[in-house]
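Peer 1: Just so it is clear, I am handing over start-v3.cif, which has mmCIF, C-alpha atoms.
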```cif
data_upload
loop_
_atom_site.label_atom_id
_atom_site.label_comp_id
_atom_site.auth_asym_id
_atom_site.auth_seq_id
_atom_site.Cartn_x
_atom_site.Cartn_y
_atom_site.Cartn_z
CA MET G 16 18.66 26.83 -26.05
CA ALA G 17 15.03 27.53 -26.87
CA GLU G 18 15.14 25.09 -29.79
CA LEU G 19 16.60 22.40 -27.57
CA LEU G 20 13.83 22.99 -25.02
CA GLU G 21 11.20 22.81 -27.75
CA THR G 22 12.65 19.57 -29.10
CA LEU G 23 12.66 18.06 -25.64
CA LEU G 24 9.06 19.15 -25.08
CA SER G 25 7.81 17.62 -28.32
CA TRP G 26 9.74 14.44 -27.59
CA PHE G 27 8.13 14.34 -24.15
CA HIS G 28 4.64 14.66 -25.64
CA VAL G 29 5.35 11.78 -28.02
CA VAL G 30 6.74 9.50 -25.33
CA ARG G 31 4.26 10.45 -22.60
CA GLU G 32 1.39 8.05 -23.28
CA PRO G 33 3.32 4.80 -23.92
CA VAL G 34 5.58 5.35 -20.91
CA GLY G 35 2.57 6.10 -18.71
CA GLY G 36 0.79 2.96 -19.89
CA VAL G 37 3.84 0.77 -19.28
CA LEU G 38 4.26 2.20 -15.78
CA LEU G 39 0.59 1.49 -15.03
CA VAL G 40 0.88 -2.13 -16.15
CA VAL G 41 4.11 -2.68 -14.20
CA GLY G 42 2.45 -1.22 -11.11
CA GLY G 43 -0.51 -3.59 -11.55
CA LEU G 44 1.83 -6.58 -11.82
CA LEU G 45 3.64 -5.45 -8.66
CA ALA G 46 0.27 -5.25 -6.89
CA ILE G 47 -0.47 -8.85 -7.90
CA VAL G 48 2.96 -9.92 -6.62
CA GLY G 49 2.27 -8.30 -3.25
CA ALA G 50 -1.17 -9.93 -3.04
CA VAL G 51 0.29 -13.38 -3.78
CA GLY G 52 2.86 -12.79 -1.04
CA LEU G 53 0.08 -11.81 1.36
CA LEU G 54 -1.76 -15.00 0.48
CA ARG G 55 1.13 -17.47 0.56
CA PHE G 56 3.53 -16.43 3.33
CA PRO G 57 3.38 -18.34 6.62
CA ASP G 58 3.01 -15.73 9.37
CA ILE G 59 2.02 -12.13 9.99
CA TYR G 60 5.52 -10.63 9.87
CA THR G 61 6.46 -12.16 6.54
CA ARG G 62 3.10 -11.08 5.15
CA LEU G 63 3.81 -7.55 6.35
CA HIS G 64 7.21 -7.69 4.69
CA ALA G 65 5.68 -8.85 1.41
CA THR G 66 2.90 -6.31 1.26
CA SER G 67 4.15 -3.10 2.81
CA VAL G 68 7.01 -2.80 0.32
CA THR G 69 5.14 -3.75 -2.83
CA ASP G 70 2.13 -1.69 -1.79
CA THR G 71 4.04 1.58 -1.67
CA GLY G 72 6.02 0.60 -4.77
CA ALA G 73 2.94 -0.25 -6.81
CA ALA G 74 1.21 2.94 -5.70
CA THR G 75 4.26 5.01 -6.67
CA LEU G 76 4.58 3.39 -10.11
CA MET G 77 0.88 3.70 -10.92
CA ILE G 78 0.66 7.29 -9.72
CA VAL G 79 3.71 8.32 -11.77
CA GLY G 80 2.11 6.62 -14.76
CA MET G 81 -1.16 8.44 -14.19
CA ILE G 82 0.70 11.76 -13.80
CA LEU G 83 2.23 11.16 -17.25
CA LEU G 84 -1.25 10.41 -18.64
CA SER G 85 -3.07 13.25 -16.90
CA PRO G 86 -4.74 15.80 -19.17
CA THR G 87 -4.47 18.86 -16.91
CA GLY G 88 -2.11 20.10 -14.25
CA TRP G 89 -4.76 19.99 -11.52
CA VAL G 90 -5.19 16.25 -11.89
CA ALA G 91 -1.43 15.80 -11.66
CA LEU G 92 -1.35 17.96 -8.53
CA LYS G 93 -4.07 15.85 -6.87
CA LEU G 94 -2.14 12.70 -7.78
CA VAL G 95 0.97 14.20 -6.18
CA PHE G 96 -1.07 14.85 -3.01
CA ILE G 97 -2.26 11.23 -2.97
CA TRP G 98 1.31 10.01 -3.46
CA VAL G 99 2.78 12.14 -0.67
CA PHE G 100 0.08 11.06 1.74
CA MET G 101 0.46 7.37 0.86
CA PHE G 102 4.22 7.58 1.13
CA LEU G 103 3.87 8.88 4.69
CA ALA G 104 0.84 6.87 5.83
CA ASN G 105 1.49 3.37 4.45
CA PRO G 106 4.76 2.70 6.32
CA THR G 107 3.21 4.21 9.46
CA ALA G 108 0.24 1.85 9.24
CA SER G 109 2.54 -1.13 8.61
CA HIS G 110 4.61 -0.19 11.64
CA ALA G 111 1.45 0.13 13.74
CA ILE G 112 0.23 -3.31 12.65
CA ALA G 113 3.61 -4.92 13.40
CA ASN G 114 3.80 -3.17 16.77
CA ALA G 115 0.27 -4.25 17.68
CA ALA G 116 0.89 -7.85 16.65
CA TYR G 117 4.14 -7.99 18.63
CA THR G 118 2.54 -6.41 21.71
CA ALA G 119 -0.31 -8.92 21.49
CA GLY G 120 2.28 -11.68 21.79
CA MET G 121 2.35 -13.15 18.28
CA GLU G 122 5.59 -15.03 17.79
CA PRO G 123 7.36 -14.97 14.44
CA LYS G 124 7.74 -18.43 12.93
CA ILE G 125 11.39 -19.41 13.05
CA GLY G 126 12.60 -22.75 11.79
CA PRO G 127 13.63 -24.74 8.73
CA SER G 128 12.05 -23.43 5.56
CA GLY G 129 10.09 -26.62 4.93
CA ASP G 130 8.11 -26.09 8.14
CA THR G 131 5.74 -23.40 6.94
CA GLY G 132 2.79 -24.15 9.17
CA GLU G 133 0.47 -25.80 6.65
CA ALA G 134 -2.26 -25.99 9.27
CA ASP G 135 -3.24 -22.32 9.27
CA ARG G 136 -2.89 -21.55 5.59
CA MET E 27 -2.95 -0.41 -21.20
CA ILE E 28 -5.18 1.30 -18.65
CA ALA E 29 -7.71 -1.52 -18.89
CA ALA E 30 -4.95 -4.10 -18.28
CA ALA E 31 -3.80 -2.20 -15.19
CA THR E 32 -7.38 -2.08 -13.90
CA LEU E 33 -7.76 -5.82 -14.44
CA ALA E 34 -4.48 -6.50 -12.58
CA LEU E 35 -5.69 -4.39 -9.66
CA PHE E 36 -8.97 -6.31 -9.51
CA VAL E 37 -7.10 -9.64 -9.46
CA ALA E 38 -4.91 -8.34 -6.62
CA VAL E 39 -8.00 -7.20 -4.70
CA VAL E 40 -9.58 -10.65 -5.01
CA LEU E 41 -6.41 -12.31 -3.63
CA VAL E 42 -6.28 -9.81 -0.75
CA LEU E 43 -9.94 -10.45 0.07
CA ILE E 44 -9.27 -14.20 0.29
CA ARG E 45 -6.63 -13.46 2.93
CA ALA E 46 -8.98 -11.05 4.72
CA PHE E 47 -11.68 -13.71 5.04
CA ARG E 48 -9.35 -16.61 5.78
CA GLY E 49 -6.75 -14.86 7.96
CA PRO E 50 -6.03 -16.83 11.09
CA SER E 51 -5.43 -13.82 13.35
CA LEU E 52 -6.91 -10.37 13.73
CA TYR E 53 -3.74 -8.69 12.50
CA ASP E 54 -3.76 -10.62 9.23
CA ARG E 55 -7.23 -9.28 8.62
CA VAL E 56 -6.22 -5.72 9.53
CA LEU E 57 -3.22 -5.97 7.20
CA ALA E 58 -5.42 -7.29 4.40
CA VAL E 59 -7.91 -4.46 4.93
CA ASN E 60 -5.06 -1.93 4.82
CA VAL E 61 -3.81 -3.31 1.50
CA PHE E 62 -7.40 -3.43 0.24
CA GLY E 63 -7.79 0.28 1.02
CA THR E 64 -4.62 1.19 -0.87
CA LYS E 65 -5.74 -0.88 -3.85
CA THR E 66 -9.14 0.80 -3.74
CA VAL E 67 -7.55 4.25 -3.95
CA LEU E 68 -5.59 3.10 -7.01
CA ILE E 69 -8.67 1.49 -8.59
CA ILE E 70 -10.74 4.66 -8.13
CA SER E 71 -8.11 6.84 -9.78
CA VAL E 72 -7.41 4.38 -12.63
CA LEU E 73 -11.13 3.99 -13.28
CA GLY E 74 -11.36 7.77 -13.49
CA PHE E 75 -8.81 7.70 -16.29
CA LEU E 76 -10.46 4.70 -17.96
CA MET E 77 -13.85 6.41 -18.05
CA GLY E 78 -12.41 9.76 -19.11
CA ARG E 79 -13.35 11.49 -15.86
CA PRO E 80 -10.18 12.29 -13.88
CA GLU E 81 -12.33 14.24 -11.39
CA PHE E 82 -12.51 10.99 -9.41
CA MET E 83 -9.17 12.03 -7.87
CA ASP E 84 -10.99 13.92 -5.08
CA ILE E 85 -12.75 10.73 -3.98
CA ALA E 86 -9.42 8.90 -4.08
CA ILE E 87 -7.80 11.51 -1.81
CA LEU E 88 -10.68 11.19 0.68
CA TYR E 89 -10.47 7.41 0.64
CA ALA E 90 -6.72 7.48 1.32
CA LEU E 91 -7.22 9.74 4.35
CA ILE E 92 -10.10 7.68 5.78
CA ASN E 93 -8.23 4.40 5.23
CA PHE E 94 -5.24 5.46 7.34
CA VAL E 95 -7.32 6.85 10.18
CA SER E 96 -9.55 3.77 10.30
CA ILE E 97 -6.58 1.36 10.43
CA ILE E 98 -5.06 3.26 13.36
CA ALA E 99 -8.46 3.40 15.09
CA ILE E 100 -9.03 -0.35 14.68
CA LEU E 101 -5.59 -1.17 16.08
CA LYS E 102 -6.09 1.19 19.03
CA PHE E 103 -9.51 -0.27 19.76
CA PHE E 104 -8.26 -3.83 19.86
CA ARG E 105 -5.34 -2.93 22.12
CA TYR E 106 -7.30 -0.90 24.70
CA ARG E 107 -10.87 -2.12 24.00
CA SER E 108 -11.97 1.51 23.95
CA PHE E 109 -11.62 4.56 21.72
CA GLN E 110 -11.36 6.92 24.70
CA VAL E 111 -7.92 6.07 26.06
CA GLY E 112 -5.35 8.83 25.73
CA LEU E 113 -2.23 7.84 23.86
CA THR E 114 0.98 8.05 25.91
CA ARG E 115 4.61 7.76 25.04
CA ALA E 116 6.28 4.46 25.69
CA PRO E 117 8.68 4.53 28.65
CA LYS E 118 12.22 5.29 27.65
CA VAL E 119 14.57 2.35 27.48
CA PRO E 120 18.23 3.22 28.11
CA PRO E 121 20.35 2.56 25.02
CA ARG E 122 22.42 -0.58 24.99
CA THR E 123 26.10 0.09 25.37
CA GLY E 124 27.32 -3.38 24.50
CA GLU E 125 29.27 -3.69 27.76
CA GLY E 126 28.48 -6.26 30.36
CA GLU E 127 26.32 -8.35 28.07
CA ALA E 128 27.02 -11.97 27.46
#
```
Could you render the structure as structure tokens?

Peer 2:
Amino acid sequence: MAELLETLLSWFHVVREPVGGVLLVVGGLLAIVGAVGLLRFPDIYTRLHATSVTDTGAATLMIVGMILLSPTGWVALKLVFIWVFMFLANPTASHAIANAAYTAGMEPKIGPSGDTGEADR
Amino acid sequence: MIAAATLALFVAVVLVLIRAFRGPSLYDRVLAVNVFGTKTVLIISVLGFLMGRPEFMDIAILYALINFVSIIAILKFFRYRSFQVGLTRAPKVPPRTGEGEA
């Protein structure tokens, strides 16, 4: 049992840095995808849909990657704090923005997909 | 790898800033600022790793807290035009039963 644990631990130390780097890069790409969605979608609700999901996803991926790369346990603990707070606060902020926009009377654009409202891009 | 992730985050921040300056309505701008804050938290922590100083995490935690509070404060201000209005619960709507509706 102890040997198995030791083997797993050494394997983990070998695989830690490449996996962390790959997770960081994937999180960065996801952030770009969310930003392109924010830039290209036609109205506020679709923009919210594009960003609020990818934002939390990118943050999760990058923070897990940084936890794998972190040199000490304290840094990993602080990253876990950041992740927990973001995971609670980001959807709350998105909900608040959607609620405020709906209360202010902004209508979602509904229609054929070609009619994307080129005027206000 | 870390440098590539930092570069990707900077590209995303530039795109988000274009939306923040161009956004047709107030809520587009608020949404862009919210995303910008999240990206800034990630950039601060990744830069800490890139420069070999992971102590930047404390600043990232502070920025995450301030970002959330400021978004809620901005939305509240533009709904009530004041910071001094007490928040109240929305009036309860009776649940739909599905009977008697067209």

Peer 1: Where does region 31-126 of chain G meet region 39-45 of chain E within 10 Å, residue by residue, with the nearest atom pair and distance in Å to one decimal for each, counting all atoms listed in the file, listed by chain and rising number, as a Markdown table?

Peer 2:
```
| residue | atom | partner | partner_atom | distance |
| --- | --- | --- | --- | --- |
| G:Ala46 | CA | E:Val39 | CA | 8.8 |
| G:Ile47 | CA | E:Leu41 | CA | 8.1 |
| G:Gly49 | CA | E:Val42 | CA | 9.0 |
| G:Ala50 | CA | E:Val42 | CA | 5.6 |
| G:Val51 | CA | E:Leu41 | CA | 6.8 |
| G:Gly52 | CA | E:Val42 | CA | 9.6 |
| G:Leu53 | CA | E:Val42 | CA | 7.0 |
| G:Leu54 | CA | E:Arg45 | CA | 5.7 |
| G:Arg55 | CA | E:Arg45 | CA | 9.1 |
```

Peer 1: For the residues in the current selection, export C-alpha atoms as an mmCIF file, in the coordinates of the input.

Peer 2:
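To be explicit, this is the file written out as selection25.cif:
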```
data_model
loop_
_atom_site.group_PDB
_atom_site.id
_atom_site.type_symbol
_atom_site.label_atom_id
_atom_site.label_comp_id
_atom_site.auth_asym_id
_atom_site.auth_seq_id
_atom_site.Cartn_x
_atom_site.Cartn_y
_atom_site.Cartn_z
ATOM 1 C CA ALA G 46 0.270 -5.250 -6.890
ATOM 2 C CA ILE G 47 -0.470 -8.850 -7.900
ATOM 3 C CA GLY G 49 2.270 -8.300 -3.250
ATOM 4 C CA ALA G 50 -1.170 -9.930 -3.040
ATOM 5 C CA VAL G 51 0.290 -13.380 -3.780
ATOM 6 C CA GLY G 52 2.860 -12.790 -1.040
ATOM 7 C CA LEU G 53 0.080 -11.810 1.360
ATOM 8 C CA LEU G 54 -1.760 -15.000 0.480
ATOM 9 C CA ARG G 55 1.130 -17.470 0.560
#
```

Peer 1: Show me, as a PyMOL selection string, every residue of chain E with an atom at most 8 Å from chain G, counting all atoms listed in the file.

Peer 2: chain E and resi 27-28+30-32+34-35+37-39+41-42+44-45+50+53-54+56-58+60-61+64+68+72+75+80-81+83-84+86-87+90-91+94+97-98+101+105

Peer 1: To one decimal place in Å, what is the distance between CA of Ser96 (chain E) and CA of Lys124 (chain G)?

Peer 2: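 Taking CA of Ser96 (chain E) as the start and CA of Lys124 (chain G) as the end point, the length is 28.3 Å.
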
Peer 1: For the atom pair CA of Ile85 (chain E) and CA of Ala46 (chain E), what is the interatomic distance in Å to one decimal place?

Peer 2: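 Taking CA of Ile85 (chain E) and CA of Ala46 (chain E), their separation equals 23.8 Å.
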
Peer 1: Calculate how many Å separate CA of Leu23 (chain G) from CA of Leu76 (chain G), rounding to one decimal.

Peer 2: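 Separation between CA of Leu23 (chain G) and CA of Leu76 (chain G): 22.8 Å.
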